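Working notes, structure below.
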Amino acid sequence: AEILKYGGEYLARDLLEVVDNFYLAFSNADHSSSEEFLKGLKLIFERFIAVLEQHSVKGESALGQIFDPNKQQALASVPTSEHSPGTIMEEFKKAYYFKDKLLRPGQVIVAAAPVEEAEVDVAEPEIAE
């Protein structure tokens, strides 16, 4: 029972390092330039992703791939001639997995076939004489 109860302990402990780094970055924010601050945030983000991957949590980008409803949620489809229909052309959120289990589907925009303008035959109205 304790294994189930405390199974996430190692992940939680490793994430505390990331939290500590955020506290450090924000406490030094007034003393650094915006460029240095952004560089620090990027390093913390990279460490956060590394901790997740260390615990078998991985993100998967689907940009440019064919839409798979088992892995992605389509927020919209956009008619375009720049991408093949069914191709993911924009990604708002990556899909994330824990080992081989989908934790969260990705949120994407999918390309649709371009809408072709229908040829409309406009006939001249007949005028009765």
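Chain lettering (A, B, ...) mirrors the order of the structure tokens, residue numbering begins at 1 for each chain separately, and ligand numbering begins at 1 in order of display.
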
query = So which bits of chain A end up strand (DSSP E or B) when you DSSP the backbone, as a PyMOL selection string?
reply = chain A and resi 57-60+66+72-79+87-93+95-98+101-104+106-112

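Among the candidates A:Leu52, A:Glu35, A:Arg47, A:Glu90, the one nearest to Ala12 in chain A when counting only C-alpha atoms is A:Leu52.
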
ask   = Counting only C-alpha atoms, what is within 12 Å of range 55-62 of chain A, bar same-chain residues fewer than 6 positions away, as number ranges by chain?
value = A: 7-15, 48-49, 68-69, 71-74, 86-110

Dump of C-alpha atoms for the selected residues, as a tab-separated table (two decimals), in the first residue's frame:
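Dumped to out20.tsv:
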```tsv
chain	number	residue	atom	x	y	z
A	7	GLY	CA	4.89	6.10	-5.88
A	8	GLY	CA	5.35	9.66	-7.12
A	9	GLU	CA	7.81	10.60	-4.39
A	10	TYR	CA	10.90	10.55	-6.60
A	11	LEU	CA	9.27	12.74	-9.23
A	12	ALA	CA	8.12	15.19	-6.57
A	13	ARG	CA	11.60	15.32	-5.01
A	14	ASP	CA	13.24	15.96	-8.39
A	15	LEU	CA	10.73	18.68	-9.23
A	48	PHE	CA	12.15	20.77	-15.97
A	49	ILE	CA	11.79	18.84	-19.24
A	68	ASP	CA	-4.22	10.79	-35.47
A	69	PRO	CA	-7.39	11.17	-33.36
A	71	LYS	CA	-3.07	11.11	-30.09
A	72	GLN	CA	-4.37	14.58	-30.96
A	73	GLN	CA	-7.43	16.71	-30.53
A	74	ALA	CA	-8.23	18.83	-33.57
A	86	GLY	CA	-5.04	15.80	-42.81
A	87	THR	CA	-1.56	17.19	-42.04
A	88	ILE	CA	-1.02	18.92	-38.72
A	89	MET	CA	-0.01	22.46	-39.57
A	90	GLU	CA	-0.06	24.10	-36.16
A	91	GLU	CA	0.35	22.73	-32.64
A	92	PHE	CA	-0.90	24.48	-29.51
A	93	LYS	CA	-0.05	21.68	-27.07
A	94	LYS	CA	2.10	18.60	-27.54
A	95	ALA	CA	0.82	15.16	-26.63
A	96	TYR	CA	2.44	13.84	-23.45
A	97	TYR	CA	3.02	10.24	-22.47
A	98	PHE	CA	3.93	8.44	-19.27
A	99	LYS	CA	5.93	5.48	-20.54
A	100	ASP	CA	3.56	4.18	-23.26
A	101	LYS	CA	0.34	5.67	-21.85
A	102	LEU	CA	-1.11	8.88	-23.27
A	103	LEU	CA	-1.40	11.42	-20.45
A	104	ARG	CA	-2.79	14.23	-22.55
A	105	PRO	CA	-3.62	14.46	-26.25
A	106	GLY	CA	-2.03	17.21	-28.30
A	107	GLN	CA	-4.12	20.15	-29.45
A	108	VAL	CA	-3.64	20.89	-33.12
A	109	ILE	CA	-4.88	22.64	-36.25
A	110	VAL	CA	-5.30	20.29	-39.21
```

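We find CA of Val51 in chain A and CA of Glu17 in chain A to be spaced 9.3 Å apart.
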
task = Would you return as an NGL selection string the members of chain A that DSSP assigns to helix (DSSP H, G or I) on this structure's backbone?
result = :A and (2-5 or 9-27 or 29-31 or 34-54)

inquiry  = Would you compute the distance between CA of Pro85 in chain A and CA of Ala111 in chain A? Give it in Å to one decimal.
reply    =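 If I compute the distance from CA of Pro85 in chain A to CA of Ala111 in chain A, I get 5.0 Å.
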
ask   = Using only C-alpha atoms, which of A:Ile44, A:Pro114, A:Val78, A:Ala1 sits nearest Asn21 in chain A?
value = A:Ile44

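With only C-alpha atoms as the atoms that count, the minimum distance from Ser81 in chain A to the choices A:Leu41, A:Leu63, A:Ala112, A:Leu24 is reached by A:Ala112.
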
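Interatomic distance, CA of Gly64 in chain A to CA of Glu116 in chain A: 23.3 Å.
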